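A.B. asks: To be precise about what I am sending: the file is called query.txt and holds compact mmCIF, C-alpha atoms.
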```txt
# COMPACT_ATOMS: atom_id res chain seq x y z
CA MET O 1 -5.51 56.92 -20.46
CA SER O 2 -5.20 58.31 -16.92
CA LYS O 3 -1.92 58.14 -15.02
CA LEU O 4 -3.56 55.86 -12.45
CA LYS O 5 -4.70 53.41 -15.12
CA MET O 6 -1.27 53.44 -16.73
CA LEU O 7 0.36 52.62 -13.40
CA ALA O 8 -2.12 49.80 -12.79
CA LEU O 9 -1.47 48.37 -16.27
CA ALA O 10 2.28 48.58 -15.78
CA SER O 11 1.99 46.86 -12.41
CA ALA O 12 -0.11 44.07 -13.90
CA MET O 13 2.42 43.58 -16.67
CA VAL O 14 5.26 43.32 -14.16
CA VAL O 15 3.33 40.76 -12.11
CA GLY O 16 2.51 38.80 -15.24
CA MET O 17 6.12 38.82 -16.39
CA ALA O 18 7.26 37.72 -12.95
CA GLY O 19 4.76 34.87 -13.00
CA ALA O 20 5.93 33.82 -16.45
CA ALA O 21 9.54 33.87 -15.27
CA VAL O 22 8.67 31.67 -12.30
CA ALA O 23 6.82 29.26 -14.57
CA GLN O 24 9.80 29.05 -16.94
CA ASP O 25 12.08 28.23 -14.02
CA MET O 26 9.89 25.38 -12.78
CA PRO O 27 9.83 22.00 -14.52
CA LYS O 28 6.58 20.33 -15.53
CA THR O 29 5.40 18.68 -12.32
CA PRO O 30 2.30 16.47 -12.07
CA LEU O 31 1.01 15.89 -8.53
CA LYS O 32 -1.57 13.59 -6.95
CA VAL O 33 -3.37 14.76 -3.85
CA VAL O 34 -5.85 13.18 -1.44
CA GLY O 35 -8.22 15.73 0.03
CA ALA O 36 -10.53 15.74 3.05
CA TRP O 37 -14.30 15.20 2.97
CA GLY O 38 -15.52 15.86 -0.57
CA ASN O 39 -19.09 16.77 0.39
CA LEU O 40 -18.07 19.62 2.69
CA SER O 41 -17.39 23.28 1.89
CA GLN O 42 -13.72 23.13 2.87
CA TYR O 43 -13.01 20.75 0.01
CA LYS O 44 -15.43 22.32 -2.48
CA ASN O 45 -14.49 25.94 -1.83
CA PHE O 46 -10.82 25.64 -0.98
CA GLU O 47 -8.94 22.35 -1.48
CA GLN O 48 -10.33 21.36 -4.87
CA PRO O 49 -10.06 24.77 -6.61
CA PHE O 50 -6.65 25.34 -5.05
CA TRP O 51 -5.12 22.21 -6.56
CA THR O 52 -7.03 22.04 -9.83
CA LYS O 53 -7.07 25.75 -10.75
CA GLU O 54 -4.96 28.05 -8.58
CA VAL O 55 -1.76 26.01 -8.61
CA LEU O 56 -2.05 25.50 -12.36
CA GLU O 57 -2.64 29.20 -13.07
CA LYS O 58 -0.10 30.62 -10.65
CA SER O 59 2.62 28.26 -11.87
CA GLY O 60 1.91 29.22 -15.47
CA GLY O 61 0.88 25.64 -16.22
CA ALA O 62 4.08 24.13 -14.84
CA ILE O 63 2.35 22.32 -11.97
CA THR O 64 -0.72 20.18 -12.56
CA ALA O 65 -2.56 18.33 -9.82
CA GLU O 66 -5.27 15.72 -9.48
CA ILE O 67 -7.17 15.70 -6.20
CA THR O 68 -9.62 13.12 -4.84
CA PRO O 69 -11.31 13.34 -1.42
CA PHE O 70 -10.52 10.34 0.76
CA ASN O 71 -14.18 9.40 1.21
CA GLU O 72 -14.52 8.94 -2.57
CA MET O 73 -11.58 6.51 -2.38
CA GLY O 74 -13.48 4.33 0.10
CA LEU O 75 -11.31 5.51 3.01
CA LYS O 76 -12.51 6.76 6.41
CA GLY O 77 -9.60 9.11 7.06
CA ALA O 78 -7.68 7.26 9.75
CA GLU O 79 -5.59 5.48 7.12
CA ILE O 80 -4.23 8.54 5.32
CA PHE O 81 -1.00 9.11 7.23
CA ARG O 82 -0.24 5.38 7.33
CA LEU O 83 -0.62 5.20 3.55
CA MET O 84 1.57 8.27 3.22
CA ARG O 85 4.26 6.61 5.31
CA LEU O 86 4.16 3.66 2.89
CA GLY O 87 4.42 6.01 -0.10
CA VAL O 88 0.99 5.03 -1.42
CA ILE O 89 -0.20 8.64 -1.01
CA ASP O 90 2.04 11.63 -1.78
CA PHE O 91 0.07 14.70 -0.63
CA GLY O 92 -2.81 14.09 1.75
CA SER O 93 -5.26 15.65 4.22
CA THR O 94 -7.16 14.15 7.11
CA VAL O 95 -8.77 15.15 10.38
CA LEU O 96 -6.31 14.83 13.25
CA GLY O 97 -9.05 13.53 15.51
CA TYR O 98 -9.39 10.47 13.28
CA VAL O 99 -5.86 9.37 14.21
CA ALA O 100 -6.15 10.21 17.90
CA THR O 101 -5.93 6.54 18.86
CA ASP O 102 -2.56 6.26 17.11
CA ASP O 103 -0.92 8.84 19.38
CA ALA O 104 -2.22 11.36 21.93
CA ARG O 105 -0.31 14.17 20.22
CA ASN O 106 -2.96 14.15 17.51
CA GLU O 107 -5.45 15.46 20.08
CA ALA O 108 -3.17 18.23 21.37
CA VAL O 109 -4.48 21.15 19.28
CA ASP O 110 -8.16 20.31 19.67
CA LEU O 111 -8.80 19.09 23.19
CA ALA O 112 -12.49 19.50 24.06
CA GLY O 113 -13.19 23.07 25.10
CA LEU O 114 -9.64 24.31 24.44
CA SER O 115 -10.40 27.06 21.89
CA PRO O 116 -13.59 29.11 22.32
CA ASP O 117 -13.08 30.98 19.03
CA ALA O 118 -11.22 30.75 15.72
CA ASP O 119 -8.53 33.27 16.71
CA ILE O 120 -7.42 31.24 19.71
CA ALA O 121 -7.68 28.02 17.70
CA ARG O 122 -5.27 29.50 15.12
CA LYS O 123 -2.77 30.56 17.78
CA VAL O 124 -2.94 27.09 19.32
CA SER O 125 -2.39 25.44 15.94
CA ASP O 126 0.54 27.67 14.99
CA ALA O 127 2.20 27.12 18.37
CA TYR O 128 2.06 23.33 18.05
CA LYS O 129 2.79 22.93 14.34
CA PRO O 130 6.58 22.53 14.85
CA VAL O 131 5.87 19.68 17.30
CA TYR O 132 3.77 17.89 14.68
CA ASP O 133 6.37 18.45 11.98
CA LYS O 134 9.11 16.91 14.14
CA PHE O 135 6.93 13.99 15.28
CA TYR O 136 5.57 13.10 11.85
CA GLY O 137 8.92 13.60 10.20
CA GLU O 138 10.64 11.17 12.56
CA ARG O 139 7.85 8.58 12.87
CA PHE O 140 6.11 8.68 9.50
CA GLY O 141 8.48 10.32 7.05
CA ILE O 142 5.90 13.07 6.52
CA LYS O 143 6.35 16.84 6.25
CA VAL O 144 3.55 19.03 7.61
CA LEU O 145 2.50 21.69 5.10
CA GLY O 146 -0.60 23.13 6.74
CA ILE O 147 -3.16 22.80 9.52
CA TRP O 148 -6.64 24.30 9.19
CA PRO O 149 -10.08 23.93 10.82
CA TYR O 150 -13.63 23.11 10.00
CA PRO O 151 -16.29 25.41 11.50
CA ALA O 152 -16.79 25.21 15.29
CA GLN O 153 -17.77 21.72 16.43
CA VAL O 154 -21.12 21.73 18.22
CA LEU O 155 -23.84 19.37 19.39
CA PHE O 156 -26.62 18.42 16.95
CA CYS O 157 -29.40 16.57 18.81
CA ASN O 158 -32.53 14.78 17.61
CA GLY O 159 -34.48 16.11 20.61
CA GLU O 160 -34.51 19.09 22.95
CA ILE O 161 -31.30 20.09 24.74
CA LYS O 162 -31.03 23.10 27.04
CA GLY O 163 -27.53 22.73 28.41
CA LEU O 164 -24.62 20.45 29.30
CA ALA O 165 -26.61 18.81 32.12
CA ASP O 166 -28.92 17.37 29.45
CA LEU O 167 -26.08 15.18 28.16
CA LYS O 168 -26.72 12.82 31.07
CA GLY O 169 -27.92 9.48 29.74
CA LYS O 170 -27.51 10.49 26.10
CA LYS O 171 -25.54 8.60 23.45
CA VAL O 172 -23.39 11.08 21.53
CA ARG O 173 -21.32 10.56 18.38
CA THR O 174 -18.10 12.28 19.35
CA GLY O 175 -15.56 11.67 16.60
CA ASN O 176 -12.55 11.52 18.93
CA ARG O 177 -11.50 10.46 22.41
CA THR O 178 -11.23 13.86 24.06
CA LEU O 179 -14.80 14.75 23.06
CA ALA O 180 -15.95 11.36 24.36
CA GLU O 181 -14.30 12.06 27.72
CA PHE O 182 -15.96 15.47 27.82
CA VAL O 183 -19.39 13.97 27.13
CA GLU O 184 -18.81 11.25 29.72
CA ALA O 185 -17.89 13.90 32.31
CA PHE O 186 -21.53 15.04 32.09
CA GLY O 187 -23.02 11.54 32.27
CA GLY O 188 -23.34 10.87 28.54
CA THR O 189 -21.86 8.04 26.47
CA GLY O 190 -19.47 8.69 23.61
CA VAL O 191 -20.17 6.65 20.48
CA THR O 192 -17.68 6.12 17.64
CA LEU O 193 -19.21 6.49 14.17
CA ALA O 194 -17.76 7.44 10.80
CA PHE O 195 -19.06 10.79 9.54
CA ASN O 196 -21.10 9.19 6.76
CA GLU O 197 -22.81 6.89 9.28
CA VAL O 198 -24.21 9.69 11.44
CA VAL O 199 -27.37 10.58 9.48
CA PRO O 200 -28.94 7.09 9.71
CA ALA O 201 -27.78 6.80 13.34
CA LEU O 202 -29.56 10.04 14.30
CA GLN O 203 -32.58 9.13 12.19
CA ASN O 204 -32.94 5.70 13.81
CA LYS O 205 -32.20 6.97 17.34
CA VAL O 206 -29.00 4.89 17.55
CA VAL O 207 -27.51 8.10 18.94
CA ASP O 208 -29.26 11.06 20.54
CA CYS O 209 -26.73 13.70 19.52
CA ALA O 210 -23.65 14.06 17.34
CA ILE O 211 -20.82 16.57 17.20
CA THR O 212 -19.60 18.22 14.02
CA GLY O 213 -19.03 21.66 12.48
CA THR O 214 -22.01 23.99 12.24
CA LEU O 215 -21.78 24.24 8.45
CA SER O 216 -20.41 20.72 7.96
CA GLY O 217 -23.54 19.32 9.58
CA ASN O 218 -25.70 21.45 7.31
CA SER O 219 -23.81 20.31 4.19
CA ALA O 220 -24.24 16.68 5.27
CA LYS O 221 -27.98 17.23 5.87
CA TRP O 222 -27.88 16.58 9.61
CA HIS O 223 -30.67 19.14 9.89
CA GLU O 224 -32.99 16.58 8.33
CA VAL O 225 -32.52 14.15 11.23
CA SER O 226 -31.96 16.48 14.19
CA THR O 227 -33.90 19.33 15.79
CA HIS O 228 -31.58 21.28 18.11
CA ILE O 229 -28.04 22.71 18.04
CA TYR O 230 -26.31 23.63 21.27
CA ALA O 231 -24.15 26.59 20.25
CA LEU O 232 -21.13 25.82 22.43
CA PRO O 233 -17.88 25.37 20.44
CA LEU O 234 -16.31 22.15 21.70
CA GLY O 235 -13.55 21.98 19.10
CA TRP O 236 -12.56 22.78 15.51
CA SER O 237 -11.79 19.36 14.03
CA HIS O 238 -8.39 20.40 12.67
CA VAL O 239 -7.24 18.98 9.34
CA MET O 240 -3.55 18.38 8.74
CA HIS O 241 -2.21 18.57 5.20
CA ALA O 242 1.14 16.90 4.61
CA VAL O 243 3.43 15.31 2.05
CA ASN O 244 5.60 12.21 1.99
CA ILE O 245 9.13 13.49 2.63
CA LYS O 246 10.73 11.30 -0.06
CA THR O 247 8.25 12.64 -2.61
CA TRP O 248 8.88 16.18 -1.39
CA GLN O 249 12.66 15.87 -1.68
CA LYS O 250 12.37 14.65 -5.26
CA LEU O 251 10.61 17.85 -6.30
CA ASP O 252 12.60 20.69 -7.81
CA PRO O 253 13.54 23.23 -5.08
CA LYS O 254 11.65 25.96 -6.95
CA VAL O 255 8.53 23.79 -6.95
CA ARG O 256 8.88 23.21 -3.22
CA THR O 257 9.27 26.91 -2.52
CA PHE O 258 6.26 27.72 -4.71
CA LEU O 259 4.05 25.10 -3.03
CA GLU O 260 5.01 26.11 0.50
CA LYS O 261 4.10 29.73 -0.22
CA GLU O 262 0.81 28.89 -1.92
CA ILE O 263 -0.27 26.34 0.69
CA ALA O 264 0.46 28.89 3.43
CA GLY O 265 -1.91 31.24 1.62
CA LEU O 266 -4.54 28.51 1.40
CA GLU O 267 -4.14 27.88 5.12
CA ASP O 268 -4.71 31.57 5.88
CA ARG O 269 -7.88 31.68 3.78
CA ILE O 270 -9.38 28.61 5.42
CA TRP O 271 -8.74 29.98 8.90
CA LYS O 272 -10.29 33.28 7.95
CA ALA O 273 -13.35 31.47 6.64
CA ALA O 274 -13.76 29.35 9.78
CA ALA O 275 -15.47 32.04 11.85
CA GLU O 276 -17.72 33.09 8.94
CA GLU O 277 -18.69 29.49 8.20
CA THR O 278 -19.41 28.87 11.88
CA GLN O 279 -21.96 31.70 11.88
CA GLN O 280 -23.30 30.63 8.50
CA GLY O 281 -23.86 27.18 9.94
CA TYR O 282 -26.01 28.61 12.70
CA ASP O 283 -27.87 30.88 10.28
CA CYS O 284 -28.55 28.18 7.70
CA ASN O 285 -29.61 25.53 10.19
CA ALA O 286 -31.99 28.06 11.76
CA GLY O 287 -33.35 29.07 8.33
CA LYS O 288 -32.36 32.74 8.56
CA ASP O 289 -32.35 35.02 5.52
CA THR O 290 -28.65 35.69 6.15
CA CYS O 291 -27.88 32.09 5.11
CA THR O 292 -25.88 32.16 1.87
CA MET O 293 -23.56 29.15 2.15
CA GLY O 294 -25.87 26.26 2.93
CA THR O 295 -29.42 24.94 3.03
CA LYS O 296 -32.04 26.79 5.03
CA ALA O 297 -33.45 24.46 7.67
CA SER O 298 -35.66 24.95 10.73
CA MET O 299 -33.52 23.85 13.66
CA THR O 300 -33.54 25.46 17.10
CA ILE O 301 -30.23 27.11 18.03
CA VAL O 302 -29.84 26.97 21.81
CA PRO O 303 -27.70 29.78 23.32
CA VAL O 304 -25.00 28.98 25.87
CA SER O 305 -25.42 30.14 29.45
CA ASP O 306 -22.61 31.66 31.49
CA ALA O 307 -23.02 28.76 33.89
CA ASP O 308 -22.28 26.29 31.12
CA LYS O 309 -19.21 28.28 30.00
CA ALA O 310 -17.90 27.87 33.54
CA LEU O 311 -18.75 24.17 33.51
CA LEU O 312 -16.84 23.83 30.23
CA LYS O 313 -13.67 25.24 31.78
CA LYS O 314 -14.10 23.10 34.87
CA ALA O 315 -14.53 19.90 32.82
CA MET O 316 -11.49 20.73 30.77
CA SER O 317 -9.16 21.41 33.68
CA GLU O 318 -10.44 18.57 35.87
CA VAL O 319 -11.20 15.87 33.29
CA VAL O 320 -10.08 16.54 29.71
CA LEU O 321 -6.51 17.79 30.32
CA PRO O 322 -5.55 15.29 33.06
CA LYS O 323 -6.87 12.30 31.12
CA TRP O 324 -5.08 13.41 27.97
CA ALA O 325 -1.83 14.01 29.87
CA ALA O 326 -1.99 10.51 31.34
CA ARG O 327 -1.86 8.92 27.88
CA CYS O 328 0.59 11.36 26.31
CA PRO O 329 4.01 9.62 26.16
CA GLY O 330 7.55 10.85 26.73
CA ASP O 331 8.03 14.60 26.43
CA CYS O 332 4.55 15.07 24.94
CA VAL O 333 3.04 16.86 27.95
CA GLN O 334 6.06 19.14 28.33
CA ALA O 335 5.92 20.05 24.64
CA TRP O 336 2.24 20.95 25.05
CA ASN O 337 2.92 23.09 28.12
CA ASP O 338 5.78 24.87 26.34
CA SER O 339 3.64 25.71 23.30
CA ILE O 340 -0.15 25.52 23.59
CA GLY O 341 -0.13 25.87 27.37
CA LYS O 342 1.48 29.31 27.07
CA VAL O 343 -1.14 30.40 24.52
CA VAL O 344 -4.17 29.43 26.64
CA GLY O 345 -2.68 29.89 30.11
CA LEU O 346 -3.11 26.27 31.19
CA THR O 347 -0.75 23.56 32.42
CA ALA O 348 -1.36 19.92 31.61
CA SER O 349 -0.46 17.22 34.12
CA ALA O 350 -1.68 13.69 34.77
CA LYS O 351 -3.54 13.01 37.99
```
Before anything else, please render the file you have as structure tokens.
C.D. replies:
Amino acid sequence: MSKLKMLALASAMVVGMAGAAVAQDMPKTPLKVVGAWGNLSQYKNFEQPFWTKEVLEKSGGAITAEITPFNEMGLKGAEIFRLMRLGVIDFGSTVLGYVATDDARNEAVDLAGLSPDADIARKVSDAYKPVYDKFYGERFGIKVLGIWPYPAQVLFCNGEIKGLADLKGKKVRTGNRTLAEFVEAFGGTGVTLAFNEVVPALQNKVVDCAITGTLSGNSAKWHEVSTHIYALPLGWSHVMHAVNIKTWQKLDPKVRTFLEKEIAGLEDRIWKAAAEETQQGYDCNAGKDTCTMGTKASMTIVPVSDADKALLKKAMSEVVLPKWAARCPGDCVQAWNDSIGKVVGLTASAK
């Protein structure tokens, strides 16, 4: 056996022994988790295997977890944090945009047009995470464990679209208030629809366009009821993963330390995948040979003009930020300016 192989074997043995020691230190701990949308890649490729396989293996069998996506529980997502506050759900994930009407802070990390790429979106999220942890801890009795994105949120339309000016007169499923205000700034009408209601709405012309992640839309078969994608990232539809604080405090300290470390790793992997999945969404919806993560379709991907990039910034500074600031209570605006504002070089203030 070569010296290199012997060193590798010795290293593996040390790691294995360390893992076994950790497992022996941790008590048997069964967990119940509510995940995000079960039909999308984030759940299938990350959340589900993390809780059902990775946690079990890395804890040496000490921690077992059952996970169910909220849509399979008959929930729409907006109820998750409320049920966590009541202690009905221990660990849970939901899209922050779904609870935007509960408090404007939930929009803070994903205001329409705020983050043009995944790197900036991550910096924005990390900067604001302590604000969420304080807010949810005080108001809901919830501890924030992670925040991660879906692929870039873009416009899927069931007819031709060439640019932002074409939103005039169109009904657009927006998913949250800030996106609705953005659409309305260009003469469109924001429509509220649950994710699973979008396909029939596009098919029956109830709406002309709908906003979701590039790959999320492909997974949900939006390509079957729409023809064009406008490739302008309007948001990232951040998911927050959290735990009921009382449940958390009852866990053995070693279990808590283990879960925090592993969930941080999960968070990193999902962020890393966001940019790749965004491009895969474009490739798959366009039917390119480079599509490996979805269904090849035959949609038209419309490139973004420099003029529209300028219009995006203008709409954000003149419409999106001021309207959000006007409904953000107490020290909310100042907290945004002290965190996210410094990342993106913007200052929020109500007009």
A.B. asks: Let me make sure I understand: among O:Phe156, O:Trp222, O:Tyr98, O:Tyr150, which one has the smallest atom-to-atom distance to Ser237 in chain O if we use only C-alpha atoms?
C.D. replies: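 Ranking O:Phe156, O:Trp222, O:Tyr98, O:Tyr150 by distance to Ser237 in chain O, first place goes to O:Tyr150.
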A.B. asks: Please report as a Markdown table every residue of range 77-158 of chain O lying within 9 Å of range 333-345 of chain O, along with the nearest atom pair and their distance in Å (one decimal), using all atoms listed in the file.
C.D. replies:
```
| residue | atom | partner | partner_atom | distance |
| --- | --- | --- | --- | --- |
| O:Arg105 | CA | O:Trp336 | CA | 8.7 |
| O:Ala108 | CA | O:Trp336 | CA | 7.1 |
| O:Val109 | CA | O:Ile340 | CA | 7.5 |
| O:Leu114 | CA | O:Val344 | CA | 7.8 |
| O:Ser115 | CA | O:Val344 | CA | 8.2 |
| O:Ile120 | CA | O:Val344 | CA | 7.9 |
| O:Lys123 | CA | O:Val343 | CA | 6.9 |
| O:Val124 | CA | O:Ile340 | CA | 5.3 |
| O:Ser125 | CA | O:Ile340 | CA | 8.0 |
| O:Asp126 | CA | O:Ile340 | CA | 8.9 |
| O:Ala127 | CA | O:Ser339 | CA | 5.3 |
| O:Tyr128 | CA | O:Ser339 | CA | 6.0 |
| O:Val131 | CA | O:Ala335 | CA | 7.3 |
```
A.B. asks: Which of these, O:Thr278, O:Asn204, O:Thr295, O:Thr214, has the shortest distance to Ala118 in chain O once you count only C-alpha atoms?
C.D. replies: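 The answer is O:Thr278, which sits nearest to Ala118 in chain O.
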A.B. asks: Please tell me which residues are no farther than 6 Å from (-4.7, 26.4, 6.1) in the file, counting all atoms listed in the file, and write them as a count of residues only.
C.D. replies: 7
A.B. asks: From the list O:Met293, O:Ala121, O:Leu215, O:Ala307, which residue is nearest Lys272 in chain O when using all atoms listed in the file?
C.D. replies: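 The shortest atom-to-atom distance to Lys272 in chain O comes from O:Ala121.
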A.B. asks: Could you tell me how far CA of Val225 in chain O lies from CA of Pro200 in chain O, in Å and to one decimal?
C.D. replies: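 Computing it gives 8.1 Å between the two atoms.
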A.B. asks: Determine the nearest neighbour of Thr212 in chain O from the options O:Lys162, O:Ala286, O:Gln153, O:Ile229, counting all atoms listed in the file.
C.D. replies: O:Gln153
A.B. asks: In terms of the shortest atom-to-atom distance over only C-alpha atoms, which of O:Glu54, O:Glu72, O:Glu260, O:Asp166 is closest to Val183 in chain O?
C.D. replies: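 The shortest atom-to-atom distance to Val183 in chain O comes from O:Asp166.
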A.B. asks: In Å, how far is it from CA of Lys323 in chain O to CA of Ala242 in chain O?
C.D. replies: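 It comes out at 28.1 Å.
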A.B. asks: Between CA of Gln280 in chain O and CA of Ile301 in chain O, what distance in Å does the model show, to one decimal?
C.D. replies: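 Separating CA of Gln280 in chain O from CA of Ile301 in chain O is a distance of 12.3 Å.
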A.B. asks: Calculated over only C-alpha atoms, which of the candidates O:Glu277, O:Ala104, O:Pro116, O:Gly163 has the smallest distance to Lys313 in chain O?
C.D. replies: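 Of all the options, O:Pro116 lies closest to Lys313 in chain O.
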A.B. asks: Excluding Cys157 in chain O and its own-chain neighbours fewer than 5 positions away, which residues fall within 12 Å of it when counting all atoms listed in the file? Please give them as a PDB file with C-alpha atoms, in the coordinates of the input.
C.D. replies:
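Produced file around-v1.pdb, reproduced below:
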```pdb
ATOM      1  CA  LYS O 162     -31.030  23.100  27.040  1.00  0.00           C
ATOM      2  CA  GLY O 163     -27.530  22.730  28.410  1.00  0.00           C
ATOM      3  CA  ASP O 166     -28.920  17.370  29.450  1.00  0.00           C
ATOM      4  CA  LEU O 167     -26.080  15.180  28.160  1.00  0.00           C
ATOM      5  CA  LYS O 170     -27.510  10.490  26.100  1.00  0.00           C
ATOM      6  CA  LYS O 171     -25.540   8.600  23.450  1.00  0.00           C
ATOM      7  CA  VAL O 172     -23.390  11.080  21.530  1.00  0.00           C
ATOM      8  CA  ARG O 173     -21.320  10.560  18.380  1.00  0.00           C
ATOM      9  CA  VAL O 198     -24.210   9.690  11.440  1.00  0.00           C
ATOM     10  CA  VAL O 199     -27.370  10.580   9.480  1.00  0.00           C
ATOM     11  CA  ALA O 201     -27.780   6.800  13.340  1.00  0.00           C
ATOM     12  CA  LEU O 202     -29.560  10.040  14.300  1.00  0.00           C
ATOM     13  CA  GLN O 203     -32.580   9.130  12.190  1.00  0.00           C
ATOM     14  CA  LYS O 205     -32.200   6.970  17.340  1.00  0.00           C
ATOM     15  CA  VAL O 206     -29.000   4.890  17.550  1.00  0.00           C
ATOM     16  CA  VAL O 207     -27.510   8.100  18.940  1.00  0.00           C
ATOM     17  CA  ASP O 208     -29.260  11.060  20.540  1.00  0.00           C
ATOM     18  CA  CYS O 209     -26.730  13.700  19.520  1.00  0.00           C
ATOM     19  CA  ALA O 210     -23.650  14.060  17.340  1.00  0.00           C
ATOM     20  CA  ILE O 211     -20.820  16.570  17.200  1.00  0.00           C
ATOM     21  CA  THR O 212     -19.600  18.220  14.020  1.00  0.00           C
ATOM     22  CA  GLY O 217     -23.540  19.320   9.580  1.00  0.00           C
ATOM     23  CA  TRP O 222     -27.880  16.580   9.610  1.00  0.00           C
ATOM     24  CA  HIS O 223     -30.670  19.140   9.890  1.00  0.00           C
ATOM     25  CA  GLU O 224     -32.990  16.580   8.330  1.00  0.00           C
ATOM     26  CA  VAL O 225     -32.520  14.150  11.230  1.00  0.00           C
ATOM     27  CA  SER O 226     -31.960  16.480  14.190  1.00  0.00           C
ATOM     28  CA  THR O 227     -33.900  19.330  15.790  1.00  0.00           C
ATOM     29  CA  HIS O 228     -31.580  21.280  18.110  1.00  0.00           C
ATOM     30  CA  ILE O 229     -28.040  22.710  18.040  1.00  0.00           C
ATOM     31  CA  TYR O 230     -26.310  23.630  21.270  1.00  0.00           C
ATOM     32  CA  ALA O 231     -24.150  26.590  20.250  1.00  0.00           C
ATOM     33  CA  MET O 299     -33.520  23.850  13.660  1.00  0.00           C
ATOM     34  CA  THR O 300     -33.540  25.460  17.100  1.00  0.00           C
ATOM     35  CA  ILE O 301     -30.230  27.110  18.030  1.00  0.00           C
ATOM     36  CA  VAL O 302     -29.840  26.970  21.810  1.00  0.00           C
TER      37      VAL O 302
END
```
A.B. asks: Could you give me, as a ChimeraX atom specification, the residues within 12 Å of Arg327 in chain O, counting all atoms listed in the file and dropping anything in the same chain fewer than 5 positions from it?
C.D. replies: /O:100-108,177-178,320-322,332-333,348-351
A.B. asks: Would you pick out the contacts of Met240 in chain O at 9 Å or less, using all atoms listed in the file, so that residues sharing its chain but fewer than 3 positions from it are not included, and give the list as a ChimeraX atom specification?
C.D. replies: /O:92-96,144-149
A.B. asks: Those residues you just picked out, can you put them in a file as a compact mmCIF listing (two decimals), in the coordinates of the input with C-alpha atoms?
C.D. replies:
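Output contents, as saved in part.txt:
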```txt
# COMPACT_ATOMS: atom_id res chain seq x y z
CA GLY O 92 -2.81 14.09 1.75
CA SER O 93 -5.26 15.65 4.22
CA THR O 94 -7.16 14.15 7.11
CA VAL O 95 -8.77 15.15 10.38
CA LEU O 96 -6.31 14.83 13.25
CA VAL O 144 3.55 19.03 7.61
CA LEU O 145 2.50 21.69 5.10
CA GLY O 146 -0.60 23.13 6.74
CA ILE O 147 -3.16 22.80 9.52
CA TRP O 148 -6.64 24.30 9.19
CA PRO O 149 -10.08 23.93 10.82
```
